[in-house]
>>> print(open('input_5.pdb').read())   # PDB, C-alpha atoms and all ligand atoms
MODEL        1
ATOM      1  CA  MET A  22      83.938 103.282 106.856  1.00  0.00           C
ATOM      2  CA  ILE A  23      85.924 100.999 109.150  1.00  0.00           C
ATOM      3  CA  ALA A  24      89.696 100.987 108.621  1.00  0.00           C
ATOM      4  CA  THR A  25      92.546  99.094 110.254  1.00  0.00           C
ATOM      5  CA  GLY A  26      96.268  99.673 110.594  1.00  0.00           C
ATOM      6  CA  ILE A  27      99.235  97.707 111.880  1.00  0.00           C
ATOM      7  CA  GLY A  28     102.274  98.841 113.776  1.00  0.00           C
ATOM      8  CA  TRP A  29     105.561  97.111 114.534  1.00  0.00           C
ATOM      9  CA  ASP A  30     108.552  98.399 116.438  1.00  0.00           C
ATOM     10  CA  VAL A  31     111.789  97.168 117.981  1.00  0.00           C
ATOM     11  CA  HIS A  32     114.285  98.750 120.355  1.00  0.00           C
ATOM     12  CA  ARG A  33     117.577  97.512 121.720  1.00  0.00           C
ATOM     13  CA  LEU A  34     117.898  96.604 125.418  1.00  0.00           C
ATOM     14  CA  VAL A  35     120.855  98.335 127.068  1.00  0.00           C
ATOM     15  CA  PRO A  36     122.092  99.068 130.604  1.00  0.00           C
ATOM     16  CA  GLY A  37     121.537 102.539 132.027  1.00  0.00           C
ATOM     17  CA  ARG A  38     118.209 103.254 130.366  1.00  0.00           C
ATOM     18  CA  PRO A  39     114.705 103.014 131.862  1.00  0.00           C
ATOM     19  CA  LEU A  40     112.348 100.329 130.583  1.00  0.00           C
ATOM     20  CA  ILE A  41     109.206 102.260 129.647  1.00  0.00           C
ATOM     21  CA  LEU A  42     106.258 100.396 128.141  1.00  0.00           C
ATOM     22  CA  GLY A  43     102.882 102.003 127.608  1.00  0.00           C
ATOM     23  CA  GLY A  44     104.023 104.888 129.787  1.00  0.00           C
ATOM     24  CA  VAL A  45     104.869 102.557 132.691  1.00  0.00           C
ATOM     25  CA  THR A  46     108.423 102.501 134.020  1.00  0.00           C
ATOM     26  CA  VAL A  47     109.097  98.819 134.671  1.00  0.00           C
ATOM     27  CA  ASP A  48     111.770  97.831 137.173  1.00  0.00           C
ATOM     28  CA  SER A  49     114.553  96.222 135.110  1.00  0.00           C
ATOM     29  CA  GLU A  50     118.343  96.200 134.922  1.00  0.00           C
ATOM     30  CA  LEU A  51     118.080  96.819 131.175  1.00  0.00           C
ATOM     31  CA  GLY A  52     116.082  99.511 129.404  1.00  0.00           C
ATOM     32  CA  LEU A  53     115.231 100.376 125.841  1.00  0.00           C
ATOM     33  CA  ASP A  54     117.563 102.566 123.806  1.00  0.00           C
ATOM     34  CA  GLY A  55     116.275 105.202 121.426  1.00  0.00           C
ATOM     35  CA  HIS A  56     115.956 108.874 120.559  1.00  0.00           C
ATOM     36  CA  SER A  57     112.713 109.287 122.518  1.00  0.00           C
ATOM     37  CA  ASP A  58     111.896 107.339 125.682  1.00  0.00           C
ATOM     38  CA  ALA A  59     111.954 104.246 123.387  1.00  0.00           C
ATOM     39  CA  ASP A  60     108.510 103.097 124.526  1.00  0.00           C
ATOM     40  CA  VAL A  61     108.261 100.294 121.983  1.00  0.00           C
ATOM     41  CA  LEU A  62     104.633  99.494 122.818  1.00  0.00           C
ATOM     42  CA  THR A  63     103.407 103.053 122.395  1.00  0.00           C
ATOM     43  CA  HIS A  64     105.403 103.378 119.152  1.00  0.00           C
ATOM     44  CA  ALA A  65     103.691 100.298 117.698  1.00  0.00           C
ATOM     45  CA  VAL A  66     100.286 101.667 118.729  1.00  0.00           C
ATOM     46  CA  ILE A  67     101.110 105.028 117.113  1.00  0.00           C
ATOM     47  CA  ASP A  68     102.079 103.325 113.848  1.00  0.00           C
ATOM     48  CA  ALA A  69      98.898 101.234 113.880  1.00  0.00           C
ATOM     49  CA  LEU A  70      96.768 104.366 114.311  1.00  0.00           C
ATOM     50  CA  LEU A  71      98.676 106.288 111.628  1.00  0.00           C
ATOM     51  CA  GLY A  72      98.246 103.288 109.352  1.00  0.00           C
ATOM     52  CA  ALA A  73      94.515 103.188 109.913  1.00  0.00           C
ATOM     53  CA  ILE A  74      94.109 106.797 108.748  1.00  0.00           C
ATOM     54  CA  GLY A  75      96.665 106.470 105.945  1.00  0.00           C
ATOM     55  CA  ALA A  76      98.995 109.014 107.535  1.00  0.00           C
ATOM     56  CA  GLY A  77     102.409 107.412 107.056  1.00  0.00           C
ATOM     57  CA  ASP A  78     104.563 106.325 109.976  1.00  0.00           C
ATOM     58  CA  ILE A  79     105.974 107.535 113.267  1.00  0.00           C
ATOM     59  CA  GLY A  80     109.343 108.452 111.704  1.00  0.00           C
ATOM     60  CA  GLU A  81     107.659 110.905 109.335  1.00  0.00           C
ATOM     61  CA  HIS A  82     105.766 112.639 112.141  1.00  0.00           C
ATOM     62  CA  PHE A  83     108.477 112.572 114.829  1.00  0.00           C
ATOM     63  CA  PRO A  84     111.896 112.320 113.080  1.00  0.00           C
ATOM     64  CA  ASP A  85     114.734 110.959 115.225  1.00  0.00           C
ATOM     65  CA  THR A  86     116.904 113.739 113.806  1.00  0.00           C
ATOM     66  CA  ASP A  87     114.643 116.330 115.459  1.00  0.00           C
ATOM     67  CA  GLU A  88     115.887 117.572 118.829  1.00  0.00           C
ATOM     68  CA  GLU A  89     112.289 118.341 119.789  1.00  0.00           C
ATOM     69  CA  TRP A  90     111.695 114.602 120.232  1.00  0.00           C
ATOM     70  CA  ARG A  91     114.902 113.749 122.119  1.00  0.00           C
ATOM     71  CA  GLY A  92     113.880 111.908 125.291  1.00  0.00           C
ATOM     72  CA  ALA A  93     110.247 112.536 124.382  1.00  0.00           C
ATOM     73  CA  ASP A  94     107.482 110.960 126.437  1.00  0.00           C
ATOM     74  CA  SER A  95     105.897 108.653 123.878  1.00  0.00           C
ATOM     75  CA  LEU A  96     102.462 109.147 125.438  1.00  0.00           C
ATOM     76  CA  ALA A  97     102.849 112.811 124.408  1.00  0.00           C
ATOM     77  CA  LEU A  98     103.570 111.630 120.846  1.00  0.00           C
ATOM     78  CA  LEU A  99     100.437 109.487 121.039  1.00  0.00           C
ATOM     79  CA  ARG A 100      98.523 112.598 122.137  1.00  0.00           C
ATOM     80  CA  HIS A 101      99.666 114.335 118.927  1.00  0.00           C
ATOM     81  CA  VAL A 102      98.433 111.358 116.904  1.00  0.00           C
ATOM     82  CA  ASP A 103      95.117 111.359 118.764  1.00  0.00           C
ATOM     83  CA  ALA A 104      94.704 115.013 117.773  1.00  0.00           C
ATOM     84  CA  LEU A 105      95.448 114.082 114.160  1.00  0.00           C
ATOM     85  CA  LEU A 106      92.796 111.359 114.331  1.00  0.00           C
ATOM     86  CA  GLY A 107      90.377 113.980 115.622  1.00  0.00           C
ATOM     87  CA  GLU A 108      91.211 116.319 112.721  1.00  0.00           C
ATOM     88  CA  ARG A 109      90.471 113.478 110.297  1.00  0.00           C
ATOM     89  CA  GLY A 110      87.177 112.734 112.056  1.00  0.00           C
ATOM     90  CA  ALA A 111      88.404 109.267 113.013  1.00  0.00           C
ATOM     91  CA  ALA A 112      87.054 107.496 116.084  1.00  0.00           C
ATOM     92  CA  VAL A 113      89.143 104.655 117.482  1.00  0.00           C
ATOM     93  CA  VAL A 114      87.154 101.430 117.799  1.00  0.00           C
ATOM     94  CA  ASN A 115      89.855  99.369 119.490  1.00  0.00           C
ATOM     95  CA  VAL A 116      93.563  98.749 119.726  1.00  0.00           C
ATOM     96  CA  ASP A 117      95.200  95.385 120.367  1.00  0.00           C
ATOM     97  CA  ALA A 118      98.915  94.994 120.977  1.00  0.00           C
ATOM     98  CA  THR A 119     101.513  92.392 121.907  1.00  0.00           C
ATOM     99  CA  ILE A 120     104.833  93.164 123.588  1.00  0.00           C
ATOM    100  CA  MET A 121     107.649  90.711 122.983  1.00  0.00           C
ATOM    101  CA  LEU A 122     110.081  90.848 125.900  1.00  0.00           C
ATOM    102  CA  GLU A 123     112.026  88.043 127.545  1.00  0.00           C
ATOM    103  CA  ARG A 124     112.024  89.564 131.018  1.00  0.00           C
ATOM    104  CA  PRO A 125     110.845  90.877 133.396  1.00  0.00           C
ATOM    105  CA  LYS A 126     107.317  89.518 133.467  1.00  0.00           C
ATOM    106  CA  LEU A 127     104.790  92.248 132.664  1.00  0.00           C
ATOM    107  CA  LEU A 128     101.642  90.710 134.134  1.00  0.00           C
ATOM    108  CA  ASP A 129     101.308  93.247 136.952  1.00  0.00           C
ATOM    109  CA  HIS A 130     101.958  96.207 134.648  1.00  0.00           C
ATOM    110  CA  LYS A 131      99.611  95.452 131.785  1.00  0.00           C
ATOM    111  CA  PRO A 132      96.485  97.011 133.372  1.00  0.00           C
ATOM    112  CA  THR A 133      98.311 100.334 133.872  1.00  0.00           C
ATOM    113  CA  MET A 134      99.710 100.236 130.328  1.00  0.00           C
ATOM    114  CA  ARG A 135      96.273  99.785 128.810  1.00  0.00           C
ATOM    115  CA  ALA A 136      94.810 102.423 131.119  1.00  0.00           C
ATOM    116  CA  ASN A 137      97.524 104.907 130.084  1.00  0.00           C
ATOM    117  CA  LEU A 138      97.018 104.287 126.366  1.00  0.00           C
ATOM    118  CA  ALA A 139      93.221 104.330 126.696  1.00  0.00           C
ATOM    119  CA  ASP A 140      93.343 107.568 128.674  1.00  0.00           C
ATOM    120  CA  VAL A 141      95.295 109.382 125.942  1.00  0.00           C
ATOM    121  CA  LEU A 142      92.923 108.050 123.281  1.00  0.00           C
ATOM    122  CA  GLY A 143      89.812 108.862 125.332  1.00  0.00           C
ATOM    123  CA  LEU A 144      88.725 105.228 125.367  1.00  0.00           C
ATOM    124  CA  ALA A 145      87.554 102.778 128.003  1.00  0.00           C
ATOM    125  CA  PRO A 146      90.456 100.504 129.021  1.00  0.00           C
ATOM    126  CA  GLU A 147      88.572  97.485 127.597  1.00  0.00           C
ATOM    127  CA  ARG A 148      89.068  98.959 124.123  1.00  0.00           C
ATOM    128  CA  VAL A 149      92.852  98.859 124.435  1.00  0.00           C
ATOM    129  CA  ASN A 150      94.272  95.388 124.931  1.00  0.00           C
ATOM    130  CA  VAL A 151      97.893  94.769 125.862  1.00  0.00           C
ATOM    131  CA  LYS A 152      99.386  91.299 125.700  1.00  0.00           C
ATOM    132  CA  ALA A 153     102.898  90.145 126.504  1.00  0.00           C
ATOM    133  CA  THR A 154     104.899  87.177 125.329  1.00  0.00           C
ATOM    134  CA  ARG A 155     108.501  85.960 125.579  1.00  0.00           C
ATOM    135  CA  GLY A 156     110.996  84.820 122.997  1.00  0.00           C
ATOM    136  CA  GLU A 157     111.501  81.432 124.691  1.00  0.00           C
ATOM    137  CA  GLY A 158     115.267  81.903 124.414  1.00  0.00           C
ATOM    138  CA  MET A 159     115.121  82.313 120.632  1.00  0.00           C
ATOM    139  CA  GLY A 160     115.944  85.266 118.400  1.00  0.00           C
ATOM    140  CA  PHE A 161     116.793  88.803 119.543  1.00  0.00           C
ATOM    141  CA  VAL A 162     113.940  88.825 122.060  1.00  0.00           C
ATOM    142  CA  GLY A 163     114.942  85.501 123.574  1.00  0.00           C
ATOM    143  CA  ARG A 164     118.601  86.516 123.740  1.00  0.00           C
ATOM    144  CA  ILE A 165     117.560  89.690 125.623  1.00  0.00           C
ATOM    145  CA  GLU A 166     119.068  91.906 122.930  1.00  0.00           C
ATOM    146  CA  GLY A 167     115.872  93.878 122.443  1.00  0.00           C
ATOM    147  CA  ALA A 168     112.135  94.114 122.708  1.00  0.00           C
ATOM    148  CA  ALA A 169     109.495  94.279 120.016  1.00  0.00           C
ATOM    149  CA  ALA A 170     105.842  95.252 119.875  1.00  0.00           C
ATOM    150  CA  LEU A 171     103.092  94.634 117.376  1.00  0.00           C
ATOM    151  CA  ALA A 172      99.781  96.500 117.330  1.00  0.00           C
ATOM    152  CA  ILE A 173      96.610  96.654 115.307  1.00  0.00           C
ATOM    153  CA  ALA A 174      94.130  99.494 115.436  1.00  0.00           C
ATOM    154  CA  THR A 175      90.589  99.674 114.114  1.00  0.00           C
ATOM    155  CA  ILE A 176      89.003 103.048 113.510  1.00  0.00           C
ATOM    156  CA  GLU A 177      85.719 104.359 112.222  1.00  0.00           C
ATOM    157  CA  LEU A 178      85.539 107.230 109.766  1.00  0.00           C
ATOM    158  CA  PRO A 179      81.897 108.331 109.947  1.00  0.00           C
ATOM    159  CA  GLY A 180      80.495 109.535 106.654  1.00  0.00           C
ATOM    160  CA  VAL A 181      83.381 108.144 104.599  1.00  0.00           C
ATOM    161  CA  THR A 182      82.455 105.435 102.133  1.00  0.00           C
ATOM    162  CA  ALA A 183      84.944 102.875 100.913  1.00  0.00           C
TER     163      ALA A 183
HETATM  164 MG    MG B 201     110.390 103.106 118.194  1.00  0.00          MG
ENDMDL
END
>>> encode(input="input_5.pdb", output="structure tokens", more="lines below")
Ligand code: MG
Amino acid sequence: MIATGIGWDVHRLVPGRPLILGGVTVDSELGLDGHSDADVLTHAVIDALLGAIGAGDIGEHFPDTDEEWRGADSLALLRHVDALLGERGAAVVNVDATIMLERPKLLDHKPTMRANLADVLGLAPERVNVKATRGEGMGFVGRIEGAAALAIATIELPGVTA
């Protein structure tokens, strides 16, 4: 059986925090606020994968009330989810994601982001696509109040019939 899942996440942009996206620290005067490293892209990917296997959401697996996840490297959280996929016999077909961030431009960083995510998931980088778009001055993204990310994951569950 083929299954898909979606993921969506937002984090507030604040001074004094690193801007980490797909495990890449991007040079920026503002960073994303959150309990973990606030890697909005990786969080959306995690939720898409959890959705595809019907395993709830990131907040259920890594509660923001749990000190274990304070400042957590979100790629490590993704590694936990990859292990869960393995337990369920799920093989990731592909992941596609879009980051919504007004600035800075992410063009130079996207290849490393997809390589980082693909590496954790044991996939070729071509199977993990990362796109970036701006808010064109509109909404919370355009006003540089925060960043958002949207992801979709497709998985295969061999031997499972719909
Ligand atoms: Mg998040």
>>> closest_residue(input="input_5.pdb", among="A:Asn115, A:Asn150, A:Thr182, A:Ser57", to="Ala97 (chain A)", atoms="only C-alpha atoms")
A:Ser57
>>> resolve_selection(input="input_5.pdb", expression="the PyMOL selection byres (((not hetatm)) within 9 of (chain B and resi 201))", output="ChimeraX atom specification")
/A:29-32,55-65,79-80
>>> closest_residue(input="input_5.pdb", among="A:Val66, A:Gly167, A:Ala183, A:Trp90", to="Val149 (chain A)", atoms="only C-alpha atoms")
A:Val66
>>> closest_residue(input="input_5.pdb", among="A:Leu128, A:Ile173, A:Ala136, A:Val116", to="Gly26 (chain A)", atoms="only C-alpha atoms")
A:Ile173
>>> closest_residue(input="input_5.pdb", among="A:Leu106, A:Leu138, A:Leu70, A:Leu34", to="Leu53 (chain A)", atoms="all atoms listed in the file")
A:Leu34
>>> residues_near_point(input="input_5.pdb", point="(86.8, 104.3, 115.3)", cutoff="7 Å", atoms="only C-alpha atoms", output="JSON, numbers by chain")
{"A": [111, 112, 113, 114, 175, 176, 177, 178]}
>>> residues_around(input="input_5.pdb", residues="Ser49 (chain A)", least_positions_apart="2", cutoff="8 Å", atoms="all atoms listed in the file", output="list in words")
Pro39, Leu40, Val47, Leu51, Gly52 and Pro125 of chain A
>>> residues_around(input="input_5.pdb", residues="Gly158 (chain A)", least_positions_apart="3", cutoff="12 Å", atoms="all atoms listed in the file", output="list in words")
Met121, Leu122, Glu123, Arg124, Thr154, Arg155, Phe161, Val162, Gly163, Arg164, Ile165 and Glu166 of chain A
>>> atom_distance(input="input_5.pdb", atom1="CA of Pro179 (chain A)", atom2="CA of Ala69 (chain A)")
18.8 Å
>>> resolve_selection(input="input_5.pdb", expression="the PyMOL selection byres (((chain A and resi 142) around 9) and not hetatm)", output="number ranges by chain")
A: 99-100, 103, 113, 137-141, 143-145
>>> closest_residue(input="input_5.pdb", among="A:Met134, A:Met22, A:Ile120, A:Ala73", to="Ala169 (chain A)", atoms="all atoms listed in the file")
A:Ile120
>>> closest_residue(input="input_5.pdb", among="A:Ala118, A:Val151, A:Ala76, A:Ile23", to="Val181 (chain A)", atoms="only C-alpha atoms")
A:Ile23
>>> decode(input="input_5.pdb", residues="region 147-162 of chain A", atoms="all heavy atoms", output="CSV table (one decimal), in the first residue's frame")
chain,number,residue,atom,x,y,z
A,147,GLU,N,17.7,13.2,-4.1
A,147,GLU,CA,16.7,13.5,-5.1
A,147,GLU,C,15.3,13.1,-4.6
A,147,GLU,O,14.3,13.5,-5.1
A,147,GLU,CB,16.9,12.7,-6.4
A,147,GLU,CG,18.3,12.9,-7.0
A,147,GLU,CD,19.4,12.1,-6.4
A,147,GLU,OE1,19.3,10.9,-6.3
A,147,GLU,OE2,20.4,12.8,-5.9
A,148,ARG,N,15.2,12.3,-3.5
A,148,ARG,CA,13.9,11.8,-3.0
A,148,ARG,C,13.4,12.8,-2.0
A,148,ARG,O,12.3,12.6,-1.5
A,148,ARG,CB,14.1,10.4,-2.4
A,148,ARG,CG,14.7,9.4,-3.4
A,148,ARG,CD,13.7,8.6,-4.2
A,148,ARG,NE,13.0,7.7,-3.3
A,148,ARG,CZ,13.4,6.5,-3.0
A,148,ARG,NH1,14.6,6.1,-3.5
A,148,ARG,NH2,12.7,5.7,-2.3
A,149,VAL,N,14.2,13.8,-1.6
A,149,VAL,CA,13.8,14.8,-0.6
A,149,VAL,C,13.9,16.1,-1.2
A,149,VAL,O,15.0,16.6,-1.5
A,149,VAL,CB,14.6,14.7,0.7
A,149,VAL,CG1,14.2,15.7,1.7
A,149,VAL,CG2,14.6,13.3,1.3
A,150,ASN,N,12.8,16.8,-1.5
A,150,ASN,CA,12.9,18.0,-2.2
A,150,ASN,C,12.5,19.2,-1.2
A,150,ASN,O,11.6,19.0,-0.4
A,150,ASN,CB,11.8,18.1,-3.3
A,150,ASN,CG,12.1,19.2,-4.3
A,150,ASN,OD1,13.2,19.3,-4.8
A,150,ASN,ND2,11.1,20.1,-4.5
A,151,VAL,N,13.3,20.2,-1.3
A,151,VAL,CA,13.1,21.4,-0.4
A,151,VAL,C,13.0,22.6,-1.3
A,151,VAL,O,13.8,22.9,-2.1
A,151,VAL,CB,14.3,21.5,0.6
A,151,VAL,CG1,14.1,22.8,1.4
A,151,VAL,CG2,14.4,20.3,1.5
A,152,LYS,N,11.8,23.3,-1.1
A,152,LYS,CA,11.6,24.5,-1.8
A,152,LYS,C,11.5,25.7,-0.8
A,152,LYS,O,11.2,25.4,0.3
A,152,LYS,CB,10.2,24.4,-2.6
A,152,LYS,CG,10.2,23.1,-3.5
A,152,LYS,CD,8.9,23.0,-4.3
A,152,LYS,CE,7.7,22.9,-3.5
A,152,LYS,NZ,7.6,21.6,-2.8
A,153,ALA,N,11.6,26.9,-1.3
A,153,ALA,CA,11.5,28.0,-0.4
A,153,ALA,C,10.8,29.1,-1.2
A,153,ALA,O,10.9,29.3,-2.4
A,153,ALA,CB,12.9,28.5,0.0
A,154,THR,N,9.9,29.8,-0.4
A,154,THR,CA,9.2,30.9,-1.0
A,154,THR,C,9.0,32.0,0.1
A,154,THR,O,9.2,31.8,1.3
A,154,THR,CB,7.8,30.4,-1.5
A,154,THR,OG1,7.2,31.5,-2.2
A,154,THR,CG2,6.9,30.0,-0.4
A,155,ARG,N,8.7,33.2,-0.4
A,155,ARG,CA,8.6,34.4,0.5
A,155,ARG,C,7.1,34.7,0.7
A,155,ARG,O,6.2,34.1,0.1
A,155,ARG,CB,9.3,35.6,-0.1
A,155,ARG,CG,10.8,35.4,-0.2
A,155,ARG,CD,11.4,36.5,-1.0
A,155,ARG,NE,11.0,37.8,-0.4
A,155,ARG,CZ,10.5,38.8,-1.1
A,155,ARG,NH1,10.3,38.7,-2.4
A,155,ARG,NH2,10.2,39.9,-0.5
A,156,GLY,N,6.9,35.6,1.6
A,156,GLY,CA,5.5,36.0,1.9
A,156,GLY,C,5.1,37.3,1.1
A,156,GLY,O,4.0,37.8,1.3
A,157,GLU,N,6.1,37.8,0.3
A,157,GLU,CA,5.8,39.0,-0.5
A,157,GLU,C,5.2,40.1,0.3
A,157,GLU,O,4.4,40.9,-0.1
A,157,GLU,CB,4.8,38.7,-1.7
A,157,GLU,CG,5.3,37.5,-2.5
A,157,GLU,CD,6.6,37.8,-3.3
A,157,GLU,OE1,6.9,39.0,-3.5
A,157,GLU,OE2,7.3,36.9,-3.8
A,158,GLY,N,5.7,40.3,1.6
A,158,GLY,CA,5.3,41.4,2.4
A,158,GLY,C,4.0,41.2,3.1
A,158,GLY,O,3.5,42.0,3.9
A,159,MET,N,3.3,40.0,2.8
A,159,MET,CA,2.0,39.8,3.4
A,159,MET,C,2.0,38.8,4.5
A,159,MET,O,2.8,37.8,4.5
A,159,MET,CB,1.0,39.4,2.3
A,159,MET,CG,0.8,40.4,1.2
A,159,MET,SD,-0.2,39.7,-0.2
A,159,MET,CE,0.9,38.6,-1.0
A,160,GLY,N,1.1,38.9,5.4
A,160,GLY,CA,0.9,37.9,6.5
A,160,GLY,C,2.1,37.9,7.4
A,160,GLY,O,3.0,38.7,7.3
A,161,PHE,N,2.0,36.9,8.3
A,161,PHE,CA,3.1,36.8,9.3
A,161,PHE,C,4.5,36.5,8.7
A,161,PHE,O,5.5,36.9,9.3
A,161,PHE,CB,2.7,35.8,10.4
A,161,PHE,CG,2.8,34.3,10.1
A,161,PHE,CD1,4.0,33.6,10.2
A,161,PHE,CD2,1.6,33.7,9.6
A,161,PHE,CE1,4.0,32.3,9.8
A,161,PHE,CE2,1.7,32.3,9.3
A,161,PHE,CZ,2.9,31.6,9.4
A,162,VAL,N,4.5,35.8,7.6
A,162,VAL,CA,5.7,35.5,6.9
A,162,VAL,C,6.3,36.8,6.3
A,162,VAL,O,7.4,37.1,6.5
A,162,VAL,CB,5.6,34.4,5.9
A,162,VAL,CG1,6.9,34.2,5.1
A,162,VAL,CG2,5.2,33.1,6.5
